[in-house]
Structures are given as structure tokens and as C-alpha cells.
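Trainee: So here's model24.cif, just mmCIF, C-alpha atoms:
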data_coords
#
loop_
_atom_site.label_atom_id
_atom_site.label_comp_id
_atom_site.auth_asym_id
_atom_site.auth_seq_id
_atom_site.Cartn_x
_atom_site.Cartn_y
_atom_site.Cartn_z
CA MET M 1 -34.15 -78.84 -13.15
CA SER M 2 -32.31 -80.22 -10.12
CA VAL M 3 -28.63 -81.08 -10.32
CA SER M 4 -29.50 -84.71 -9.60
CA ALA M 5 -31.28 -84.81 -12.95
CA LEU M 6 -28.13 -83.85 -14.82
CA SER M 7 -25.70 -86.25 -16.44
CA SER M 8 -22.73 -87.06 -14.22
CA ALA M 9 -20.28 -86.48 -17.07
CA PRO M 10 -20.91 -84.02 -19.92
CA PRO M 11 -21.42 -85.76 -23.27
CA PHE M 12 -20.32 -82.56 -25.04
CA MET M 13 -18.17 -79.52 -24.60
CA ALA M 14 -19.95 -76.21 -24.34
CA SER M 15 -18.07 -74.41 -27.10
CA GLY M 16 -16.20 -75.03 -30.33
CA GLY M 17 -18.98 -76.39 -32.57
CA SER M 18 -21.83 -74.96 -34.60
CA PHE M 19 -24.65 -73.22 -32.77
CA GLY M 20 -27.09 -76.02 -33.54
CA ALA M 21 -24.73 -78.72 -32.28
CA MET M 22 -24.04 -76.74 -29.11
CA LEU M 23 -27.74 -76.23 -28.40
CA ARG M 24 -28.50 -79.88 -29.04
CA GLY M 25 -25.66 -80.83 -26.71
CA TRP M 26 -27.08 -78.69 -23.91
CA ARG M 27 -30.59 -80.07 -24.46
CA GLU M 28 -29.37 -83.65 -24.29
CA HIS M 29 -27.14 -82.84 -21.34
CA ARG M 30 -30.16 -81.51 -19.46
CA ARG M 31 -32.06 -84.65 -20.53
CA TYR M 32 -34.87 -83.03 -22.49
CA ARG M 33 -36.40 -84.52 -25.59
CA GLN M 34 -36.84 -82.15 -28.50
CA MET M 35 -40.63 -82.13 -28.14
CA GLU M 36 -40.42 -81.40 -24.40
CA LEU M 37 -38.13 -78.42 -24.83
CA ALA M 38 -40.18 -77.06 -27.73
CA LEU M 39 -43.34 -77.15 -25.61
CA GLU M 40 -41.61 -75.42 -22.70
CA VAL M 41 -40.37 -72.49 -24.83
CA GLU M 42 -43.57 -72.41 -26.91
CA ILE M 43 -42.22 -73.21 -30.35
CA SER M 44 -42.86 -76.15 -32.64
CA ALA M 45 -40.67 -79.23 -32.47
CA ARG M 46 -40.09 -78.80 -36.20
CA HIS M 47 -38.72 -75.28 -35.68
CA LEU M 48 -36.45 -76.47 -32.86
CA SER M 49 -35.23 -79.30 -35.08
CA PHE M 50 -34.39 -76.82 -37.83
CA ILE M 51 -32.49 -74.66 -35.31
CA GLU M 52 -30.49 -77.61 -33.98
CA ASN M 53 -29.60 -78.69 -37.51
CA ASP M 54 -28.57 -75.12 -38.44
CA ARG M 55 -31.31 -74.93 -41.05
CA SER M 56 -32.95 -71.95 -39.29
CA ARG M 57 -31.21 -69.03 -37.61
CA ALA M 58 -32.38 -68.52 -34.05
CA SER M 59 -33.13 -64.98 -32.94
CA ARG M 60 -31.30 -63.45 -30.02
CA GLU M 61 -34.47 -63.54 -27.93
CA MET M 62 -35.05 -67.22 -28.71
CA ILE M 63 -31.51 -68.16 -27.74
CA LEU M 64 -31.81 -66.36 -24.42
CA ARG M 65 -35.17 -68.01 -23.75
CA LEU M 66 -33.75 -71.46 -24.46
CA ALA M 67 -30.64 -70.75 -22.38
CA GLU M 68 -32.71 -69.52 -19.45
CA PHE M 69 -34.90 -72.60 -19.44
CA LEU M 70 -31.93 -74.97 -19.78
CA ASP M 71 -30.15 -73.12 -16.94
CA ILE M 72 -27.05 -72.54 -19.04
CA PRO M 73 -24.36 -70.46 -17.25
CA PHE M 74 -23.75 -66.92 -18.49
CA ARG M 75 -20.35 -67.71 -19.99
CA GLU M 76 -21.83 -70.49 -22.13
CA ARG M 77 -24.84 -68.33 -23.06
CA ASN M 78 -22.39 -65.88 -24.58
CA ASP M 79 -20.77 -68.78 -26.47
CA LEU M 80 -24.15 -69.75 -27.91
CA LEU M 81 -24.93 -66.19 -28.97
CA ILE M 82 -21.55 -65.76 -30.67
CA ALA M 83 -21.89 -69.12 -32.45
CA ALA M 84 -25.26 -67.96 -33.79
CA GLY M 85 -23.81 -64.67 -35.06
CA HIS M 86 -25.07 -62.42 -32.24
CA ALA M 87 -23.18 -60.18 -29.84
CA PRO M 88 -22.62 -61.45 -26.28
CA GLU M 89 -25.28 -60.55 -23.72
CA TYR M 90 -23.19 -60.58 -20.55
CA GLY M 91 -20.06 -58.63 -19.77
CA THR M 92 -16.84 -60.43 -18.88
CA ARG M 93 -14.66 -58.06 -16.92
CA SER M 94 -11.61 -58.59 -14.77
CA LEU M 95 -12.12 -58.05 -11.05
CA THR M 96 -9.48 -55.33 -11.31
CA ASP M 97 -11.77 -53.35 -13.64
CA SER M 98 -12.81 -50.06 -12.08
CA SER M 99 -16.46 -50.83 -12.82
CA LEU M 100 -16.29 -53.75 -10.38
CA SER M 101 -14.90 -51.72 -7.48
CA GLU M 102 -18.17 -52.09 -5.53
CA VAL M 103 -18.07 -55.85 -6.05
CA ARG M 104 -14.52 -55.98 -4.69
CA ARG M 105 -15.59 -53.88 -1.73
CA ALA M 106 -18.58 -56.16 -1.04
CA VAL M 107 -16.37 -59.26 -1.18
CA GLY M 108 -13.84 -57.70 1.18
CA LEU M 109 -16.54 -56.65 3.64
CA MET M 110 -18.10 -60.09 3.62
CA LEU M 111 -14.79 -61.86 4.18
CA SER M 112 -13.75 -59.55 7.03
CA SER M 113 -17.19 -59.73 8.66
CA LEU M 114 -16.88 -63.51 8.94
CA GLU M 115 -13.69 -63.36 11.01
CA PRO M 116 -12.57 -65.22 13.07
CA CYS M 117 -14.17 -67.86 10.82
CA PRO M 118 -12.06 -68.73 7.76
CA ALA M 119 -13.59 -67.61 4.47
CA LEU M 120 -12.40 -67.17 0.91
CA ALA M 121 -13.68 -66.02 -2.45
CA VAL M 122 -13.21 -68.33 -5.44
CA ASP M 123 -14.01 -68.25 -9.13
CA ARG M 124 -15.86 -70.94 -11.12
CA ARG M 125 -12.74 -73.08 -11.40
CA TRP M 126 -12.04 -72.86 -7.66
CA ASN M 127 -9.14 -70.49 -8.07
CA LEU M 128 -8.57 -68.23 -5.08
CA VAL M 129 -9.72 -64.63 -5.54
CA GLU M 130 -9.30 -63.37 -1.98
CA ALA M 131 -9.06 -64.83 1.53
CA ASN M 132 -9.59 -63.38 4.99
CA ARG M 133 -6.98 -63.51 7.74
CA PRO M 134 -8.09 -66.78 9.41
CA ALA M 135 -8.08 -68.56 6.04
CA LYS M 136 -4.58 -67.24 5.32
CA ALA M 137 -3.46 -68.48 8.74
CA LEU M 138 -4.67 -71.99 7.93
CA LEU M 139 -2.73 -71.89 4.66
CA ALA M 140 0.48 -70.73 6.32
CA GLY M 141 2.06 -74.19 6.29
CA VAL M 142 1.24 -75.00 2.66
CA PRO M 143 4.37 -75.25 0.43
CA ALA M 144 5.06 -72.16 -1.66
CA GLU M 145 4.75 -74.03 -4.97
CA LEU M 146 1.05 -74.65 -4.29
CA LEU M 147 0.46 -70.97 -3.57
CA ARG M 148 2.00 -69.51 -6.73
CA GLY M 149 0.05 -68.21 -9.72
CA ASP M 150 -3.59 -69.27 -9.79
CA VAL M 151 -4.05 -70.89 -6.39
CA ASN M 152 -6.65 -73.64 -6.72
CA VAL M 153 -8.23 -74.21 -3.31
CA LEU M 154 -9.40 -77.75 -4.12
CA ARG M 155 -5.86 -78.69 -5.15
CA VAL M 156 -4.46 -77.12 -1.98
CA SER M 157 -7.05 -78.97 0.09
CA LEU M 158 -6.40 -82.46 -1.30
CA HIS M 159 -2.81 -82.35 -2.53
CA PRO M 160 -0.54 -84.71 -0.53
CA ARG M 161 1.79 -81.76 0.20
CA GLY M 162 -1.11 -79.39 0.84
CA LEU M 163 -3.65 -79.65 3.64
CA ALA M 164 -4.36 -83.35 3.10
CA SER M 165 -2.06 -84.50 5.88
CA GLN M 166 -3.88 -82.21 8.33
CA ILE M 167 -7.43 -83.24 7.39
CA LEU M 168 -8.66 -85.66 10.04
CA ASN M 169 -11.52 -87.04 7.93
CA LEU M 170 -9.62 -87.01 4.64
CA SER M 171 -11.50 -89.86 2.95
CA GLU M 172 -14.85 -88.28 3.76
CA TRP M 173 -13.77 -84.80 2.66
CA HIS M 174 -12.08 -86.17 -0.48
CA ALA M 175 -15.32 -87.90 -1.53
CA TYR M 176 -17.35 -84.77 -0.80
CA VAL M 177 -15.03 -82.49 -2.81
CA LEU M 178 -15.01 -84.82 -5.81
CA GLY M 179 -18.80 -85.11 -5.71
CA ARG M 180 -19.19 -81.35 -5.64
CA LEU M 181 -16.73 -80.92 -8.49
CA ARG M 182 -18.63 -83.48 -10.58
CA ARG M 183 -21.82 -81.45 -10.04
CA ASP M 184 -20.01 -78.31 -11.19
CA ILE M 185 -18.90 -80.13 -14.34
CA ALA M 186 -22.42 -81.41 -14.96
CA MET M 187 -23.73 -77.84 -14.70
CA THR M 188 -21.09 -76.15 -16.89
CA GLY M 189 -19.37 -78.73 -19.11
CA ASP M 190 -16.11 -76.90 -18.29
CA ARG M 191 -13.02 -78.62 -19.76
CA GLU M 192 -10.69 -77.16 -17.12
CA LEU M 193 -12.87 -78.48 -14.30
CA GLN M 194 -12.78 -81.91 -15.92
CA LYS M 195 -8.96 -81.75 -15.97
CA LEU M 196 -8.98 -80.70 -12.31
CA LEU M 197 -11.26 -83.63 -11.43
CA THR M 198 -8.90 -86.06 -13.16
CA GLU M 199 -5.99 -84.64 -11.19
CA LEU M 200 -7.79 -84.78 -7.83
CA GLU M 201 -8.97 -88.32 -8.50
CA SER M 202 -5.32 -89.36 -8.87
CA TYR M 203 -4.41 -88.22 -5.36
CA VAL M 204 -4.08 -91.05 -2.90
CA SER M 205 -6.87 -90.86 -0.35
CA PRO M 206 -7.46 -93.92 1.81
CA ASN M 207 -10.87 -95.48 1.24
CA SER M 208 -12.31 -92.27 -0.24
CA LYS M 209 -15.56 -93.91 -1.30
CA ALA M 210 -16.25 -96.00 1.80
CA ARG M 211 -15.52 -94.48 5.17
CA ALA M 212 -14.35 -96.40 8.20
CA PRO M 213 -16.97 -97.15 10.93
CA SER M 214 -15.28 -94.78 13.39
CA GLU M 215 -15.42 -91.96 10.85
CA ARG M 216 -19.11 -92.58 10.12
CA LYS M 217 -19.82 -92.52 13.84
CA ARG M 218 -18.07 -89.15 14.24
CA SER M 219 -20.14 -87.68 11.41
CA GLY M 220 -23.40 -88.95 12.93
CA GLU M 221 -24.08 -91.69 10.39
CA SER M 222 -25.53 -94.89 11.84
CA ASN M 223 -28.10 -97.53 10.96
CA GLY M 224 -28.02 -96.47 7.31
CA GLU M 225 -28.78 -92.82 8.08
CA LEU M 226 -26.87 -90.13 6.21
CA PRO M 227 -25.20 -87.27 8.09
CA VAL M 228 -26.92 -83.91 7.89
CA LEU M 229 -23.68 -82.15 6.93
CA VAL M 230 -20.20 -83.26 5.85
CA PRO M 231 -17.74 -81.73 8.33
CA PHE M 232 -14.28 -80.44 7.52
CA ARG M 233 -12.04 -81.59 10.37
CA LEU M 234 -8.58 -80.04 10.42
CA ARG M 235 -5.55 -80.34 12.69
CA THR M 236 -4.11 -76.84 13.31
CA PRO M 237 -1.66 -75.10 15.67
CA VAL M 238 -4.63 -74.05 17.84
CA GLY M 239 -6.08 -77.56 18.06
CA ASP M 240 -8.28 -79.92 16.08
CA LEU M 241 -11.02 -77.86 14.45
CA SER M 242 -14.35 -78.99 13.00
CA PHE M 243 -16.16 -76.85 10.43
CA VAL M 244 -19.30 -76.86 8.34
CA SER M 245 -19.04 -75.02 5.03
CA THR M 246 -21.49 -72.62 3.41
CA THR M 247 -21.52 -71.02 -0.04
CA THR M 248 -22.70 -67.52 -0.90
CA VAL M 249 -23.13 -66.19 -4.46
CA PHE M 250 -24.24 -62.89 -5.98
CA GLY M 251 -27.91 -63.51 -6.76
CA SER M 252 -28.49 -60.58 -9.14
CA ALA M 253 -25.26 -60.68 -11.13
CA LEU M 254 -25.39 -59.83 -14.85
CA ASP M 255 -21.63 -60.07 -15.40
CA VAL M 256 -19.94 -63.41 -16.11
CA THR M 257 -17.09 -62.85 -13.64
CA VAL M 258 -19.42 -61.82 -10.82
CA SER M 259 -21.92 -64.60 -11.51
CA GLU M 260 -19.14 -67.20 -11.25
CA MET M 261 -17.74 -65.96 -7.94
CA ALA M 262 -18.59 -67.64 -4.65
CA ILE M 263 -17.75 -67.01 -1.00
CA GLU M 264 -16.84 -70.22 0.82
CA SER M 265 -17.21 -69.85 4.58
CA PHE M 266 -16.14 -72.34 7.25
CA LEU M 267 -18.24 -72.03 10.39
CA PRO M 268 -17.48 -73.77 13.70
CA ALA M 269 -19.29 -77.09 14.05
CA ASP M 270 -18.82 -77.18 17.84
CA ASP M 271 -18.08 -74.95 20.81
CA ALA M 272 -14.44 -76.07 21.02
CA THR M 273 -13.79 -74.89 17.46
CA ALA M 274 -15.55 -71.58 18.10
CA GLU M 275 -13.30 -70.97 21.09
CA ALA M 276 -10.11 -72.08 19.32
CA LEU M 277 -10.79 -69.73 16.39
CA LYS M 278 -10.31 -66.78 18.74
CA HIS M 279 -6.64 -67.75 18.95
CA LEU M 280 -6.05 -68.52 15.26
CA MET M 281 -4.82 -65.02 14.41
CA PRO M 282 -2.17 -63.01 16.28
CA PRO M 283 -3.74 -60.54 18.76
CA ASP M 284 -2.41 -57.51 16.84
CA SER M 285 -3.61 -58.71 13.41
#
Kindly return the structure encoded in the file as C-alpha cells.
Mentor:
Amino acid sequence: MSVSALSSAPPFMASGGSFGAMLRGWREHRRYRQMELALEVEISARHLSFIENDRSRASREMILRLAEFLDIPFRERNDLLIAAGHAPEYGTRSLTDSSLSEVRRAVGLMLSSLEPCPALAVDRRWNLVEANRPAKALLAGVPAELLRGDVNVLRVSLHPRGLASQILNLSEWHAYVLGRLRRDIAMTGDRELQKLLTELESYVSPNSKARAPSERKRSGESNGELPVLVPFRLRTPVGDLSFVSTTTVFGSALDVTVSEMAIESFLPADDATAEALKHLMPPDS
């Protein structure tokens, strides 16, 4: 099911209730009627009703089949299994675990291979895992208090004392970031992401929902046409830079931590940015 078909705000939280209530919450969140879901997973609507009302105990295989069809994230699949009295299916290891050494190596190689383009690895809640040298250079002027503990890159991006004052298309970028965060919440039902959204919504961003005509013109929007990509335009010591962002994830992950990690890359949107990036890092770095 496409993200556009999801509710914009989760009507439930993914953990903390009975298994039946949690499953029903996910079904309703994904906008399936009981009969529709039962047909898709090849069980009777009566049996699914009994499961959702905790009158029948779902087997491990049935839970995984339902979770797969409903596109429930691995972390929340484990929650469902535990609530139903089963052991978790997916490991949840720290990135410092020796068993994830190859994952750390792959992340490091990917980040370094993208230089001189800025790139960083983040977890599901947009906390910084690792950044390459150009990304660190762009963060050099951010106050120390925003770079302590779990560094949230969305907070750093939009905070008034973070990068916000350097973002040339702040209202456009602010609206894009909030929209993407809302989609993440719709997919996961994560409480912490909802708190982050509330915080970011409180930041003052001029006209974040309706951009000025000059800004729409720069992004290529005219006569009601939408831009192909939302640029990230940033004032830096090496000039005004314009980026397009891409996201890379581990497609075959079977570990919660790895499945939730993403590489965010910022590629030059024009020749001037590509040239300026050559001077972003010191020559001996």
C-alpha cells in the first residue's frame, strides 16, 4: 500500500496494549476492513475477528503473515509477537556490536565514497549515526548544545540556532521536512517521532506552507506545475550551494537496527555547487 493511502496521524500507538488491540490498530491505520484483510491473508473474517478480540491466539506464522501484508516495521512486528506470547523474530543489536562490524564498514565506505558530497547515516528517529567530512564541515558553525548527545539532524536543520538561518529556501525546506516526518509517523506510529514533529512545527518558519513567488520560480514551479525535486539551498563559507537529497537503505536487512538506518546524501543540483564542493574541505583532510 502506498504511503499516500495511510492516515496522516496515527489513531493508535504501536505498543502497550493487548495483541488484538494492536493488530486492529494497525489494520485500521492501514485502512483495511476486516473482510479485506482476511481475504488477503486467506483466513476467515470470523477468525480474524476472534484474533482481534483476543478470543483466539494467533500463531507465530499468522502474525508474521499479517505483519508482512500490513507493511509493519520490524520493531513493531517484534512488539506484536511479544504481545501474543511469542519470541521476537528480528534481532535488535547496537551498532557497536561486533556482529555488525561489516554493516559499520559498509556505512563508512558509502559515506566516504560520496565525498566531496555531504552525506550522513541516521536512524529511524533521525538521530545522527555517522557523517562524512563534507557533512561535518557544514555543521561546523552549529552551536555545541545542538551537537551533544543524540544529535537529531532534523532539529539541527530547522532549529533557529542551527542551520535555519543559512537555508536560503527555509519555508520550502521546512514544509518538505515536516511532510516527510509525517509520512514516517504514518508508517511507524512512533511516539518519539510525533514529539519531534510537534517540536519542529513550533519553530518559526516564514510562510512554511505557501512559498513566495520568487521561491517557486527558483524551484521551477510555474503555472500550477509542481517542481520535480525540492532543493536544499544553503549559504556556506564556500558560497551558496544547492543540493538534491537521496536516501539509501539496506534492502535485505533482518535486524531492527540495520533496517531502520538510512544514508542521506546531498548531491549538487548545479555545476556551481559541484565546483564549490571541491573547496569545502581543507586540502589536507
Trainee: Can you work out the spacing between CA of His279 (chain M) and CA of Asn169 (chain M) in Å, to one decimal?
Mentor: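 Those two atoms sit 22.7 Å apart.
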Trainee: Could you tell me, as a list of chain:residue names, exactly which residues end up selected when the PyMOL selection byres ((chain M and resi 124) around 9) is applied to this structure?
Mentor: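 That expression, the PyMOL selection byres ((chain M and resi 124) around 9), corresponds here to M:Val122, M:Asp123, M:Arg125, M:Trp126, M:Asn127, M:Asp184, M:Leu193, M:Thr257, M:Ser259, M:Glu260, M:Met261, M:Ala262.
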Trainee: Going by the chain IDs and residue numbers used in this file, which residues fall under the PyMOL selection byres ((chain M and resi 254) around 10)? Write them as an MDAnalysis selection string.
Mentor: chainID M and resid 74 89:92 250:253 255:259
Trainee: Select, from M:Ala186, M:Glu28, M:Pro88, M:Val129, the residue with the minimum atom-to-atom distance to Gly108 (chain M), counting only C-alpha atoms.
Mentor: M:Val129
Trainee: Quick check, in Å to one decimal: how far apart do CA of Ser112 (chain M) and CA of Asn132 (chain M) lie?
Mentor: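 Interatomic distance here is 6.0 Å.
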Trainee: Grab the CA of Arg191 (chain M) to CA of Gly162 (chain M) distance for me, in Å with one decimal place.
Mentor: 23.8 Å
Trainee: Taking the file above as input, evaluate the PyMOL selection byres ((chain M and resi 143-146) around 8) and report the hits as a ChimeraX atom specification.
Mentor: /M:141-142,147-148,151,156,161-162
Trainee: If I wrap all listed atoms of region 58-75 of chain M in a box with edges along x, y and z and add 3 Å on each side, what are its centre and edge lengths in Å to one decimal, as JSON?
Mentor:
{"center_x": -27.8, "center_y": -69.2, "center_z": -25.5, "size_x": 20.8, "size_y": 17.5, "size_z": 23.1}
Trainee: Taking into account all atoms listed in the file, which residue in the set M:Leu23, M:Asp71, M:Leu200, M:Glu40 is nearest to Ala58 (chain M)?
Mentor: M:Leu23
Trainee: Return the single residue from M:Phe19, M:Tyr32, M:Trp26, M:Phe232 that is closest to Asp54 (chain M), with distances computed using all atoms listed in the file.
Mentor: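 Among M:Phe19, M:Tyr32, M:Trp26, M:Phe232, it is M:Phe19 that comes nearest to Asp54 (chain M).
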Trainee: Between M:Leu120, M:Lys195, M:Glu42, M:Met187, which residue has the minimum interatomic distance to Ser245 (chain M), considering only C-alpha atoms?
Mentor: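 Ranked by minimum distance to Ser245 (chain M), first place goes to M:Leu120.
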Trainee: Measuring atom to atom with only C-alpha atoms, identify which of M:Leu158, M:Ala164, M:Val249, M:Ala135 is nearest to Leu267 (chain M).
Mentor: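 Looking only at the distances to Leu267 (chain M), the closest residue turns out to be M:Ala135.
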Trainee: With all atoms listed in the file as the atoms that count, which of M:His174, M:Arg33, M:Ile43, M:Gly85 lies nearest to Arg57 (chain M)?
Mentor: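 Using all atoms listed in the file, Arg57 (chain M) sits closest to M:Gly85.
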Trainee: Quick one: residues within 7 Å of Thr248 (chain M), only C-alpha atoms, excluding same-chain residues fewer than 2 positions away - as an MDAnalysis selection string?
Mentor: chainID M and resid 246 262:264
Trainee: Hey, what's within 12 Å of His86 (chain M) if we count only C-alpha atoms and toss same-chain stuff fewer than 5 positions away? As a PyMOL selection string, please?
Mentor: chain M and resi 19+57-64+77-81
Trainee: Is it possible to add N, CA, C and O atoms to region 127-148 of chain M and hand it back as a PDB file, in the coordinates of the input?
Mentor:
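Dumped everything to result-v4.pdb:
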ATOM      1  N   ASN M 127     -10.362 -71.238  -8.286  1.00  0.00           N
ATOM      2  CA  ASN M 127      -9.140 -70.490  -8.070  1.00  0.00           C
ATOM      3  C   ASN M 127      -9.389 -69.389  -7.045  1.00  0.00           C
ATOM      4  O   ASN M 127     -10.445 -68.742  -7.058  1.00  0.00           O
ATOM      5  N   LEU M 128      -8.420 -69.183  -6.167  1.00  0.00           N
ATOM      6  CA  LEU M 128      -8.570 -68.230  -5.080  1.00  0.00           C
ATOM      7  C   LEU M 128      -8.596 -66.798  -5.607  1.00  0.00           C
ATOM      8  O   LEU M 128      -7.721 -66.392  -6.370  1.00  0.00           O
ATOM      9  N   VAL M 129      -9.608 -66.043  -5.199  1.00  0.00           N
ATOM     10  CA  VAL M 129      -9.720 -64.630  -5.540  1.00  0.00           C
ATOM     11  C   VAL M 129      -9.223 -63.776  -4.374  1.00  0.00           C
ATOM     12  O   VAL M 129      -8.439 -62.851  -4.537  1.00  0.00           O
ATOM     13  N   GLU M 130      -9.689 -64.107  -3.180  1.00  0.00           N
ATOM     14  CA  GLU M 130      -9.300 -63.370  -1.980  1.00  0.00           C
ATOM     15  C   GLU M 130      -9.620 -64.233  -0.766  1.00  0.00           C
ATOM     16  O   GLU M 130     -10.552 -65.041  -0.792  1.00  0.00           O
ATOM     17  N   ALA M 131      -8.835 -64.067   0.298  1.00  0.00           N
ATOM     18  CA  ALA M 131      -9.060 -64.830   1.530  1.00  0.00           C
ATOM     19  C   ALA M 131      -8.973 -63.888   2.724  1.00  0.00           C
ATOM     20  O   ALA M 131      -8.247 -62.880   2.692  1.00  0.00           O
ATOM     21  N   ASN M 132      -9.719 -64.195   3.781  1.00  0.00           N
ATOM     22  CA  ASN M 132      -9.590 -63.380   4.990  1.00  0.00           C
ATOM     23  C   ASN M 132      -8.432 -63.881   5.847  1.00  0.00           C
ATOM     24  O   ASN M 132      -7.766 -64.878   5.512  1.00  0.00           O
ATOM     25  N   ARG M 133      -8.173 -63.220   6.941  1.00  0.00           N
ATOM     26  CA  ARG M 133      -6.980 -63.510   7.740  1.00  0.00           C
ATOM     27  C   ARG M 133      -6.992 -64.920   8.348  1.00  0.00           C
ATOM     28  O   ARG M 133      -5.956 -65.600   8.321  1.00  0.00           O
ATOM     29  N   PRO M 134      -8.099 -65.406   8.895  1.00  0.00           N
ATOM     30  CA  PRO M 134      -8.090 -66.780   9.410  1.00  0.00           C
ATOM     31  C   PRO M 134      -7.802 -67.814   8.326  1.00  0.00           C
ATOM     32  O   PRO M 134      -7.081 -68.794   8.572  1.00  0.00           O
ATOM     33  N   ALA M 135      -8.343 -67.618   7.127  1.00  0.00           N
ATOM     34  CA  ALA M 135      -8.080 -68.560   6.040  1.00  0.00           C
ATOM     35  C   ALA M 135      -6.601 -68.539   5.666  1.00  0.00           C
ATOM     36  O   ALA M 135      -5.987 -69.587   5.428  1.00  0.00           O
ATOM     37  N   LYS M 136      -6.012 -67.354   5.620  1.00  0.00           N
ATOM     38  CA  LYS M 136      -4.580 -67.240   5.320  1.00  0.00           C
ATOM     39  C   LYS M 136      -3.744 -67.927   6.400  1.00  0.00           C
ATOM     40  O   LYS M 136      -2.717 -68.554   6.103  1.00  0.00           O
ATOM     41  N   ALA M 137      -4.190 -67.835   7.653  1.00  0.00           N
ATOM     42  CA  ALA M 137      -3.460 -68.480   8.740  1.00  0.00           C
ATOM     43  C   ALA M 137      -3.473 -69.993   8.585  1.00  0.00           C
ATOM     44  O   ALA M 137      -2.467 -70.665   8.849  1.00  0.00           O
ATOM     45  N   LEU M 138      -4.589 -70.545   8.135  1.00  0.00           N
ATOM     46  CA  LEU M 138      -4.670 -71.990   7.930  1.00  0.00           C
ATOM     47  C   LEU M 138      -3.812 -72.454   6.759  1.00  0.00           C
ATOM     48  O   LEU M 138      -3.411 -73.622   6.699  1.00  0.00           O
ATOM     49  N   LEU M 139      -3.547 -71.544   5.823  1.00  0.00           N
ATOM     50  CA  LEU M 139      -2.730 -71.890   4.660  1.00  0.00           C
ATOM     51  C   LEU M 139      -1.244 -71.629   4.884  1.00  0.00           C
ATOM     52  O   LEU M 139      -0.437 -71.885   3.988  1.00  0.00           O
ATOM     53  N   ALA M 140      -0.892 -71.163   6.070  1.00  0.00           N
ATOM     54  CA  ALA M 140       0.480 -70.730   6.320  1.00  0.00           C
ATOM     55  C   ALA M 140       1.492 -71.851   6.125  1.00  0.00           C
ATOM     56  O   ALA M 140       2.634 -71.604   5.712  1.00  0.00           O
ATOM     57  N   GLY M 141       1.107 -73.095   6.400  1.00  0.00           N
ATOM     58  CA  GLY M 141       2.060 -74.190   6.290  1.00  0.00           C
ATOM     59  C   GLY M 141       2.084 -74.879   4.945  1.00  0.00           C
ATOM     60  O   GLY M 141       2.831 -75.850   4.752  1.00  0.00           O
ATOM     61  N   VAL M 142       1.292 -74.394   3.992  1.00  0.00           N
ATOM     62  CA  VAL M 142       1.240 -75.000   2.660  1.00  0.00           C
ATOM     63  C   VAL M 142       2.495 -74.615   1.875  1.00  0.00           C
ATOM     64  O   VAL M 142       2.894 -73.443   1.879  1.00  0.00           O
ATOM     65  N   PRO M 143       3.157 -75.576   1.198  1.00  0.00           N
ATOM     66  CA  PRO M 143       4.370 -75.250   0.430  1.00  0.00           C
ATOM     67  C   PRO M 143       4.134 -74.142  -0.584  1.00  0.00           C
ATOM     68  O   PRO M 143       3.055 -74.029  -1.175  1.00  0.00           O
ATOM     69  N   ALA M 144       5.168 -73.341  -0.792  1.00  0.00           N
ATOM     70  CA  ALA M 144       5.060 -72.160  -1.660  1.00  0.00           C
ATOM     71  C   ALA M 144       4.648 -72.510  -3.073  1.00  0.00           C
ATOM     72  O   ALA M 144       3.932 -71.741  -3.726  1.00  0.00           O
ATOM     73  N   GLU M 145       5.066 -73.691  -3.584  1.00  0.00           N
ATOM     74  CA  GLU M 145       4.750 -74.030  -4.970  1.00  0.00           C
ATOM     75  C   GLU M 145       3.252 -74.199  -5.204  1.00  0.00           C
ATOM     76  O   GLU M 145       2.768 -74.045  -6.325  1.00  0.00           O
ATOM     77  N   LEU M 146       2.500 -74.519  -4.148  1.00  0.00           N
ATOM     78  CA  LEU M 146       1.050 -74.650  -4.290  1.00  0.00           C
ATOM     79  C   LEU M 146       0.322 -73.324  -4.156  1.00  0.00           C
ATOM     80  O   LEU M 146      -0.883 -73.249  -4.389  1.00  0.00           O
ATOM     81  N   LEU M 147       1.064 -72.285  -3.783  1.00  0.00           N
ATOM     82  CA  LEU M 147       0.460 -70.970  -3.570  1.00  0.00           C
ATOM     83  C   LEU M 147       0.938 -69.940  -4.577  1.00  0.00           C
ATOM     84  O   LEU M 147       0.747 -68.747  -4.389  1.00  0.00           O
ATOM     85  N   ARG M 148       1.558 -70.418  -5.671  1.00  0.00           N
ATOM     86  CA  ARG M 148       2.000 -69.510  -6.730  1.00  0.00           C
ATOM     87  C   ARG M 148       0.985 -69.466  -7.858  1.00  0.00           C
ATOM     88  O   ARG M 148       0.284 -70.441  -8.110  1.00  0.00           O
TER      89      ARG M 148
END
